[in-house]
$ cat data14.txt   # compact mmCIF, C-alpha atoms
# COMPACT_ATOMS: atom_id res chain seq x y z
CA GLY A 1 12.59 -2.13 -12.17
CA ILE A 2 9.02 -1.57 -13.27
CA GLN A 3 7.82 2.05 -13.38
CA VAL A 4 4.30 3.13 -12.46
CA GLU A 5 3.04 6.55 -13.50
CA GLN A 6 -0.29 8.03 -12.50
CA SER A 7 -2.08 10.99 -13.97
CA PRO A 8 -3.23 13.57 -13.27
CA PRO A 9 -1.30 14.22 -10.04
CA ASP A 10 -4.06 16.48 -8.73
CA LEU A 11 -7.74 16.79 -9.58
CA ILE A 12 -10.45 19.08 -8.26
CA LEU A 13 -14.07 18.27 -9.03
CA GLN A 14 -17.45 19.67 -8.23
CA GLU A 15 -19.74 17.18 -6.53
CA GLY A 16 -21.63 15.19 -9.12
CA ALA A 17 -18.92 15.34 -11.78
CA ASN A 18 -17.28 12.32 -13.39
CA SER A 19 -13.56 11.66 -13.65
CA THR A 20 -11.01 9.28 -15.11
CA LEU A 21 -7.70 8.47 -13.44
CA ARG A 22 -4.93 6.80 -15.38
CA CYS A 23 -2.13 4.40 -14.44
CA ASN A 24 0.64 3.51 -16.90
CA PHE A 25 3.16 0.79 -16.19
CA SER A 26 6.38 -0.03 -17.98
CA ASP A 27 6.24 -3.84 -18.11
CA SER A 28 3.83 -6.77 -18.01
CA VAL A 29 2.33 -7.38 -14.59
CA ASN A 30 0.76 -10.24 -12.64
CA ASN A 31 -1.30 -8.09 -10.33
CA LEU A 32 -2.74 -4.58 -10.40
CA GLN A 33 -4.66 -3.01 -7.56
CA TRP A 34 -6.36 0.34 -7.09
CA PHE A 35 -6.52 1.83 -3.59
CA HIS A 36 -8.17 4.87 -2.08
CA GLN A 37 -6.30 6.52 0.77
CA ASN A 38 -8.89 8.44 2.71
CA PRO A 39 -8.18 11.65 4.66
CA TRP A 40 -7.53 9.55 7.77
CA GLY A 41 -4.72 7.74 5.97
CA GLN A 42 -6.32 4.34 5.58
CA LEU A 43 -5.65 2.41 2.36
CA ILE A 44 -8.89 0.94 1.09
CA ASN A 45 -8.96 -1.73 -1.60
CA LEU A 46 -10.99 -0.66 -4.60
CA PHE A 47 -10.15 -3.20 -7.28
CA TYR A 48 -7.92 -6.15 -7.97
CA ILE A 49 -7.75 -5.93 -11.76
CA PRO A 50 -4.73 -7.30 -13.65
CA SER A 51 -6.88 -7.32 -16.80
CA GLY A 52 -10.42 -6.66 -17.94
CA THR A 53 -13.16 -4.47 -16.49
CA LYS A 54 -14.85 -4.43 -13.09
CA GLN A 55 -17.52 -2.25 -11.56
CA ASN A 56 -18.44 -1.53 -7.98
CA GLY A 57 -21.22 1.01 -7.56
CA ARG A 58 -20.11 4.40 -8.87
CA LEU A 59 -16.58 3.16 -9.46
CA SER A 60 -15.31 1.06 -12.31
CA ALA A 61 -11.88 0.08 -13.57
CA THR A 62 -10.42 -1.21 -16.79
CA THR A 63 -6.97 -2.65 -17.35
CA VAL A 64 -5.60 -3.17 -20.85
CA ALA A 65 -2.64 -5.37 -20.01
CA THR A 66 -1.32 -5.56 -23.58
CA GLU A 67 -1.06 -1.75 -23.69
CA ARG A 68 0.15 -1.44 -20.10
CA TYR A 69 -2.38 0.91 -18.64
CA SER A 70 -5.34 0.93 -16.29
CA LEU A 71 -8.14 3.44 -15.85
CA LEU A 72 -10.27 4.17 -12.80
CA TYR A 73 -13.62 5.84 -13.44
CA ILE A 74 -15.49 7.72 -10.75
CA SER A 75 -19.01 8.74 -11.65
CA SER A 76 -21.27 11.18 -9.81
CA SER A 77 -18.47 12.07 -7.44
CA GLN A 78 -19.19 12.76 -3.77
CA THR A 79 -17.19 14.65 -1.17
CA THR A 80 -16.39 11.34 0.48
CA ASP A 81 -14.46 10.37 -2.66
CA SER A 82 -11.79 12.90 -1.72
CA GLY A 83 -8.35 11.52 -0.93
CA VAL A 84 -5.49 9.97 -2.84
CA TYR A 85 -5.93 7.18 -5.35
CA PHE A 86 -3.04 4.79 -5.80
CA CYS A 87 -2.35 2.26 -8.48
CA ALA A 88 0.02 -0.56 -7.51
CA VAL A 89 1.43 -3.37 -9.61
CA GLU A 90 3.20 -6.63 -8.99
CA LYS A 91 5.60 -8.22 -11.40
CA ARG A 92 6.18 -11.74 -10.17
CA MET A 93 9.83 -12.19 -11.03
CA ASP A 94 11.96 -14.60 -9.03
CA SER A 95 8.92 -15.34 -6.87
CA SER A 96 8.71 -11.71 -5.73
CA TYR A 97 5.23 -10.68 -4.63
CA LYS A 98 5.80 -7.06 -3.67
CA LEU A 99 3.62 -4.21 -4.90
CA ILE A 100 5.16 -1.19 -6.63
CA PHE A 101 3.08 1.92 -6.07
CA GLY A 102 2.55 4.92 -8.27
CA SER A 103 2.78 8.40 -6.79
CA GLY A 104 -0.99 8.75 -6.66
CA THR A 105 -3.71 11.11 -7.85
CA ARG A 106 -4.91 13.53 -5.20
CA LEU A 107 -8.66 14.16 -5.62
CA LEU A 108 -10.66 16.89 -3.97
CA VAL A 109 -14.41 16.88 -4.46
CA ARG A 110 -16.05 20.17 -3.53
CA PRO A 111 -19.68 20.36 -2.36
CA ASP B 1 -12.92 -10.86 9.70
CA ALA B 2 -11.31 -7.97 11.56
CA GLY B 3 -8.86 -7.19 8.78
CA VAL B 4 -5.18 -6.45 9.35
CA ILE B 5 -4.59 -5.05 12.83
CA GLN B 6 -1.71 -2.74 13.69
CA SER B 7 -0.58 -1.22 16.95
CA PRO B 8 0.06 1.36 18.09
CA ARG B 9 -1.80 3.70 15.75
CA HIS B 10 0.41 6.62 16.75
CA GLU B 11 3.86 6.63 18.30
CA VAL B 12 5.89 9.63 19.35
CA THR B 13 9.38 8.97 20.61
CA GLU B 14 12.71 10.66 21.03
CA MET B 15 15.75 10.10 18.91
CA GLY B 16 17.76 7.13 20.09
CA GLN B 17 14.83 5.24 21.58
CA GLU B 18 13.74 1.79 20.48
CA VAL B 19 10.43 1.56 18.64
CA THR B 20 8.41 -1.62 18.09
CA LEU B 21 5.49 -1.74 15.67
CA ARG B 22 3.10 -4.68 15.70
CA CYS B 23 0.92 -6.38 13.13
CA LYS B 24 -1.67 -9.13 13.11
CA PRO B 25 -2.45 -10.33 9.56
CA ILE B 26 -5.77 -11.60 8.31
CA SER B 27 -6.31 -15.14 9.51
CA GLY B 28 -5.30 -17.70 6.89
CA HIS B 29 -3.11 -15.35 4.89
CA ASP B 30 0.36 -16.71 4.19
CA TYR B 31 2.10 -13.50 3.10
CA LEU B 32 2.83 -10.49 5.28
CA PHE B 33 4.31 -7.21 4.04
CA TRP B 34 5.71 -4.13 5.78
CA TYR B 35 5.54 -0.87 3.81
CA ARG B 36 6.57 2.66 4.70
CA GLN B 37 4.96 5.86 3.41
CA THR B 38 6.77 9.19 3.33
CA MET B 39 6.15 12.40 1.42
CA MET B 40 9.50 12.12 -0.34
CA ARG B 41 9.47 8.44 -1.32
CA GLY B 42 5.80 7.53 -1.34
CA LEU B 43 4.85 3.94 -0.47
CA GLU B 44 7.73 1.50 -0.52
CA LEU B 45 8.18 -2.10 0.59
CA LEU B 46 10.51 -2.74 3.49
CA ILE B 47 10.29 -6.51 3.92
CA TYR B 48 7.89 -9.39 3.37
CA PHE B 49 7.37 -12.84 4.83
CA ASN B 50 5.96 -16.07 3.45
CA ASN B 51 4.78 -18.61 6.02
CA ASN B 52 6.66 -16.67 8.71
CA VAL B 53 9.97 -16.74 6.80
CA PRO B 54 11.52 -13.47 5.56
CA ILE B 55 11.75 -13.58 1.77
CA ASP B 56 12.88 -10.14 0.64
CA ASP B 57 14.36 -7.58 3.02
CA SER B 58 16.08 -5.50 0.35
CA GLY B 59 13.92 -2.51 1.22
CA MET B 60 15.01 -2.35 4.85
CA PRO B 61 16.89 0.95 4.98
CA GLU B 62 19.69 -0.04 7.34
CA ASP B 63 20.70 -2.29 10.19
CA ARG B 64 18.73 -0.22 12.65
CA PHE B 65 15.61 -1.85 11.21
CA SER B 66 14.67 -5.44 11.95
CA ALA B 67 11.50 -7.49 11.48
CA LYS B 68 10.32 -10.79 12.85
CA MET B 69 7.37 -13.08 12.42
CA PRO B 70 7.40 -15.61 15.26
CA ASN B 71 4.08 -17.16 14.20
CA ALA B 72 1.39 -16.89 11.55
CA SER B 73 -0.62 -14.32 13.47
CA PHE B 74 1.99 -11.82 14.61
CA SER B 75 4.84 -9.74 13.23
CA THR B 76 6.98 -6.92 14.60
CA LEU B 77 9.04 -4.19 12.99
CA LYS B 78 11.68 -2.76 15.28
CA ILE B 79 13.80 0.35 14.92
CA GLN B 80 16.76 0.67 17.24
CA PRO B 81 17.96 3.37 17.66
CA SER B 82 15.32 5.55 16.06
CA GLU B 83 16.19 8.75 14.16
CA PRO B 84 14.06 11.72 13.06
CA ARG B 85 14.30 10.59 9.42
CA ASP B 86 12.43 7.41 10.38
CA SER B 87 9.29 9.48 10.89
CA ALA B 88 6.69 8.05 8.53
CA VAL B 89 3.54 5.96 8.37
CA TYR B 90 4.29 2.26 8.53
CA PHE B 91 1.75 -0.10 6.99
CA CYS B 92 1.38 -3.82 7.36
CA ALA B 93 -0.44 -5.80 4.66
CA SER B 94 -1.31 -9.45 4.15
CA SER B 95 -2.37 -11.66 1.28
CA SER B 96 -3.01 -15.25 0.34
CA ILE B 97 -1.35 -17.23 -2.44
CA LEU B 98 -2.19 -20.71 -1.20
CA ALA B 99 -5.45 -22.36 -2.23
CA GLY B 100 -5.71 -20.29 -5.40
CA GLY B 101 -5.19 -16.88 -3.82
CA ASN B 102 -4.10 -14.10 -6.12
CA ASN B 103 -1.93 -11.97 -3.79
CA GLU B 104 -4.52 -9.23 -3.46
CA GLN B 105 -2.99 -7.32 -0.58
CA PHE B 106 -5.05 -5.89 2.26
CA PHE B 107 -3.62 -3.11 4.38
CA GLY B 108 -3.86 -2.31 8.05
CA PRO B 109 -4.64 1.21 9.31
CA GLY B 110 -0.96 2.06 9.68
CA THR B 111 1.21 3.34 12.51
CA ARG B 112 2.15 7.01 12.35
CA LEU B 113 5.65 7.29 13.83
CA THR B 114 7.15 10.60 14.87
CA VAL B 115 10.74 10.66 16.08
CA LEU B 116 11.69 13.92 17.78

$ encode --input "data14.txt" --output "structure tokens"
Amino acid sequence: GIQVEQSPPDLILQEGANSTLRCNFSDSVNNLQWFHQNPWGQLINLFYIPSGTKQNGRLSATTVATERYSLLYISSSQTTDSGVYFCAVEKRMDSSYKLIFGSGTRLLVRP
Amino acid sequence: DAGVIQSPRHEVTEMGQEVTLRCKPISGHDYLFWYRQTMMRGLELLIYFNNNVPIDDSGMPEDRFSAKMPNASFSTLKIQPSEPRDSAVYFCASSSILAGGNNEQFFGPGTRLTVL
């Protein structure tokens, strides 16, 4: 099956710093989503981005489908950005719509 | 919209007891997914439904697990009998493919299950 690898596994930032999180996947995909799991455990949708670039406030994401990777940029990080960031992909084979998750990047933003 | 609703938010039970987790998807969504999150295995799909019909249950760990979707606004995941290794956070998610939907999945708050 498709493999999803995220890097780095852990990241510590000082408030105000910028960061780039990476997601590599082993096959072409129909769907790619970025999630933020906050310290209370809730999975929050950040981006639906199977290709191209999107921006939402301090966050932006780019997926280069032909090269099988996606990047999540966090600018001017805040302590509330702490948590785990997951990349998840869907490869729609045989009408399967399930998401395959990476192992996540754990981010800690220090004040 | 209220988003995906799950209940209970926390469940503590003893080994051997039956556990029922509940989910209400986003209104109008035609796909419903049950995922489980553990430290060892991360987030993994258990089962998903399309228009209330189970499509792929290959992730259900064993016969102790069962899921139903009696109507478009309600689904249950049942574990009987429960075991300590079932302790995990169980998420429900929903999405829409009909009417041009793209299967962007939206997750509920999860149910944290502890089996003693």

$ residues_near_point --input "data14.txt" --point "(-3.9, 6.6, -12.8)" --cutoff "10 Å" --atoms "only C-alpha atoms" --output "number ranges by chain"
A: 4-9, 20-25, 34, 69-73, 85-88, 102-105

$ write_last_selection --input "data14.txt" --atoms "C-alpha atoms" --output "PDB file, in the coordinates of the input"
ATOM      1  CA  VAL A   4       4.300   3.130 -12.460  1.00  0.00           C
ATOM      2  CA  GLU A   5       3.040   6.550 -13.500  1.00  0.00           C
ATOM      3  CA  GLN A   6      -0.290   8.030 -12.500  1.00  0.00           C
ATOM      4  CA  SER A   7      -2.080  10.990 -13.970  1.00  0.00           C
ATOM      5  CA  PRO A   8      -3.230  13.570 -13.270  1.00  0.00           C
ATOM      6  CA  PRO A   9      -1.300  14.220 -10.040  1.00  0.00           C
ATOM      7  CA  THR A  20     -11.010   9.280 -15.110  1.00  0.00           C
ATOM      8  CA  LEU A  21      -7.700   8.470 -13.440  1.00  0.00           C
ATOM      9  CA  ARG A  22      -4.930   6.800 -15.380  1.00  0.00           C
ATOM     10  CA  CYS A  23      -2.130   4.400 -14.440  1.00  0.00           C
ATOM     11  CA  ASN A  24       0.640   3.510 -16.900  1.00  0.00           C
ATOM     12  CA  PHE A  25       3.160   0.790 -16.190  1.00  0.00           C
ATOM     13  CA  TRP A  34      -6.360   0.340  -7.090  1.00  0.00           C
ATOM     14  CA  TYR A  69      -2.380   0.910 -18.640  1.00  0.00           C
ATOM     15  CA  SER A  70      -5.340   0.930 -16.290  1.00  0.00           C
ATOM     16  CA  LEU A  71      -8.140   3.440 -15.850  1.00  0.00           C
ATOM     17  CA  LEU A  72     -10.270   4.170 -12.800  1.00  0.00           C
ATOM     18  CA  TYR A  73     -13.620   5.840 -13.440  1.00  0.00           C
ATOM     19  CA  TYR A  85      -5.930   7.180  -5.350  1.00  0.00           C
ATOM     20  CA  PHE A  86      -3.040   4.790  -5.800  1.00  0.00           C
ATOM     21  CA  CYS A  87      -2.350   2.260  -8.480  1.00  0.00           C
ATOM     22  CA  ALA A  88       0.020  -0.560  -7.510  1.00  0.00           C
ATOM     23  CA  GLY A 102       2.550   4.920  -8.270  1.00  0.00           C
ATOM     24  CA  SER A 103       2.780   8.400  -6.790  1.00  0.00           C
ATOM     25  CA  GLY A 104      -0.990   8.750  -6.660  1.00  0.00           C
ATOM     26  CA  THR A 105      -3.710  11.110  -7.850  1.00  0.00           C
TER      27      THR A 105
END

$ interface_residues --input "data14.txt" --of "chain B" --to "chain A" --cutoff "9 Å" --atoms "all atoms listed in the file" --output "number ranges by chain"
B: 31, 33, 41-45, 47-48, 55-56, 89, 102-110

$ residues_around --input "data14.txt" --residues "Thr114 of chain B" --least-positions-apart "3" --cutoff "8 Å" --atoms "all atoms listed in the file" --output "list in words"
Glu11, Val12, Thr13, Pro84, Asp86, Ser87 and Ala88 of chain B

$ residues_near_point --input "data14.txt" --point "(-9.0, 12.6, -2.9)" --cutoff "10 Å" --atoms "all atoms listed in the file" --output "list in words"
Asp10, Leu11, Ile12, Leu13, His36, Gln37, Asn38, Pro39, Thr79, Thr80, Asp81, Ser82, Gly83, Val84, Tyr85, Gly104, Thr105, Arg106, Leu107, Leu108 and Val109 of chain A

$ residues_around --input "data14.txt" --residues "Ala67 of chain B" --least-positions-apart "2" --cutoff "10 Å" --atoms "all atoms listed in the file" --output "VMD selection string"
chain B and resid 20 to 22 34 46 to 49 54 57 60 65 69 to 70 75 to 79

$ atom_distance --input "data14.txt" --atom1 "atom CA of Thr111 of chain B" --atom2 "atom CA of Asn51 of chain B"
23.2 Å

$ atom_distance --input "data14.txt" --atom1 "atom CA of Ser77 of chain A" --atom2 "atom CA of Thr38 of chain B"
27.6 Å

$ atom_distance --input "data14.txt" --atom1 "atom CA of Leu116 of chain B" --atom2 "atom CA of Leu32 of chain B"
28.8 Å

$ decode --input "data14.txt" --residues "chain B" --atoms "C-alpha atoms" --output "compact mmCIF listing (two decimals), in the first residue's frame"
# COMPACT_ATOMS: atom_id res chain seq x y z
CA ASP B 1 -23.24 23.23 11.19
CA ALA B 2 -22.31 21.49 14.44
CA GLY B 3 -19.65 19.32 12.83
CA VAL B 4 -19.24 15.62 13.54
CA ILE B 5 -20.58 14.73 16.98
CA GLN B 6 -19.30 11.81 19.03
CA SER B 7 -20.35 10.40 22.35
CA PRO B 8 -19.23 9.69 24.92
CA ARG B 9 -16.07 11.79 24.97
CA HIS B 10 -14.48 9.53 27.58
CA GLU B 11 -15.28 5.96 28.50
CA VAL B 12 -13.68 3.87 31.22
CA THR B 13 -14.77 0.28 31.46
CA GLU B 14 -13.59 -3.05 32.74
CA MET B 15 -12.31 -5.89 30.65
CA GLY B 16 -15.12 -8.04 29.32
CA GLN B 17 -17.73 -5.29 29.26
CA GLU B 18 -19.54 -4.15 26.14
CA VAL B 19 -18.69 -0.69 24.86
CA THR B 20 -20.76 1.34 22.38
CA LEU B 21 -19.40 4.46 20.73
CA ARG B 22 -21.72 6.81 18.86
CA CYS B 23 -21.33 9.20 15.95
CA LYS B 24 -23.51 11.74 14.19
CA PRO B 25 -21.98 12.83 10.85
CA ILE B 26 -22.28 16.24 9.26
CA SER B 27 -25.71 16.61 7.71
CA GLY B 28 -25.68 15.82 3.99
CA HIS B 29 -22.44 13.85 4.05
CA ASP B 30 -22.69 10.45 2.40
CA TYR B 31 -19.49 8.86 3.74
CA LEU B 32 -18.76 7.97 7.35
CA PHE B 33 -15.43 6.65 8.63
CA TRP B 34 -14.30 5.15 11.94
CA TYR B 35 -10.60 5.54 12.78
CA ARG B 36 -8.59 4.47 15.81
CA GLN B 37 -5.51 6.24 17.19
CA THR B 38 -2.92 4.49 19.33
CA MET B 39 0.66 5.33 20.21
CA MET B 40 1.92 2.16 18.56
CA ARG B 41 -0.06 2.23 15.30
CA GLY B 42 -0.98 5.87 14.87
CA LEU B 43 -4.24 6.69 13.07
CA GLU B 44 -5.76 3.80 11.18
CA LEU B 45 -9.08 3.20 9.46
CA LEU B 46 -11.36 0.59 10.97
CA ILE B 47 -14.40 0.73 8.68
CA TYR B 48 -16.28 3.12 6.44
CA PHE B 49 -19.82 3.46 5.13
CA ASN B 50 -21.31 4.95 1.99
CA ASN B 51 -24.99 5.85 2.15
CA ASN B 52 -25.30 3.75 5.32
CA VAL B 53 -23.79 0.64 3.69
CA PRO B 54 -20.46 -0.74 4.99
CA ILE B 55 -17.92 -0.62 2.17
CA ASP B 56 -14.57 -1.60 3.66
CA ASP B 57 -14.25 -3.25 7.06
CA SER B 58 -10.78 -4.70 6.48
CA GLY B 59 -9.38 -2.58 9.30
CA MET B 60 -11.69 -4.01 11.96
CA PRO B 61 -9.25 -5.85 14.23
CA GLU B 62 -11.38 -8.87 15.07
CA ASP B 63 -14.89 -10.17 15.51
CA ARG B 64 -15.23 -8.41 18.83
CA PHE B 65 -15.66 -5.19 16.85
CA SER B 66 -18.83 -4.37 14.95
CA ALA B 67 -20.22 -1.20 13.38
CA LYS B 68 -23.63 -0.20 12.15
CA MET B 69 -25.21 2.75 10.43
CA PRO B 70 -28.98 2.42 10.72
CA ASN B 71 -29.62 5.80 9.08
CA ALA B 72 -27.81 8.73 7.52
CA SER B 73 -27.41 10.59 10.79
CA PHE B 74 -26.20 7.91 13.19
CA SER B 75 -23.54 5.24 13.47
CA THR B 76 -22.28 3.02 16.28
CA LEU B 77 -19.05 1.15 16.90
CA LYS B 78 -19.40 -1.67 19.38
CA ILE B 79 -16.75 -3.70 21.14
CA GLN B 80 -17.90 -6.87 22.87
CA PRO B 81 -16.15 -8.07 24.96
CA SER B 82 -13.67 -5.26 25.48
CA GLU B 83 -9.99 -5.90 26.27
CA PRO B 84 -7.24 -3.64 27.65
CA ARG B 85 -5.54 -3.55 24.24
CA ASP B 86 -8.64 -1.82 22.84
CA SER B 87 -7.72 1.28 24.82
CA ALA B 88 -7.32 4.07 22.28
CA VAL B 89 -8.96 7.20 20.91
CA TYR B 90 -11.69 6.39 18.42
CA PHE B 91 -12.52 9.03 15.82
CA CYS B 92 -15.48 9.31 13.55
CA ALA B 93 -15.20 11.34 10.33
CA SER B 94 -17.54 12.21 7.50
CA SER B 95 -17.24 13.50 3.96
CA SER B 96 -19.23 14.18 0.84
CA ILE B 97 -18.63 12.77 -2.63
CA LEU B 98 -22.05 13.44 -4.09
CA ALA B 99 -22.78 16.76 -5.78
CA GLY B 100 -19.13 17.34 -6.62
CA GLY B 101 -17.72 16.72 -3.15
CA ASN B 102 -14.04 15.89 -2.96
CA ASN B 103 -13.95 13.53 0.07
CA GLU B 104 -12.39 16.12 2.36
CA GLN B 105 -12.87 14.36 5.66
CA PHE B 106 -13.95 16.16 8.82
CA PHE B 107 -13.29 14.57 12.18
CA GLY B 108 -15.25 14.48 15.39
CA PRO B 109 -13.65 15.19 18.78
CA GLY B 110 -13.01 11.50 19.42
CA THR B 111 -13.87 9.09 22.22
CA ARG B 112 -11.04 8.22 24.58
CA LEU B 113 -11.59 4.60 25.64
CA THR B 114 -9.81 3.06 28.59
CA VAL B 115 -10.33 -0.63 29.29
CA LEU B 116 -9.07 -1.70 32.71
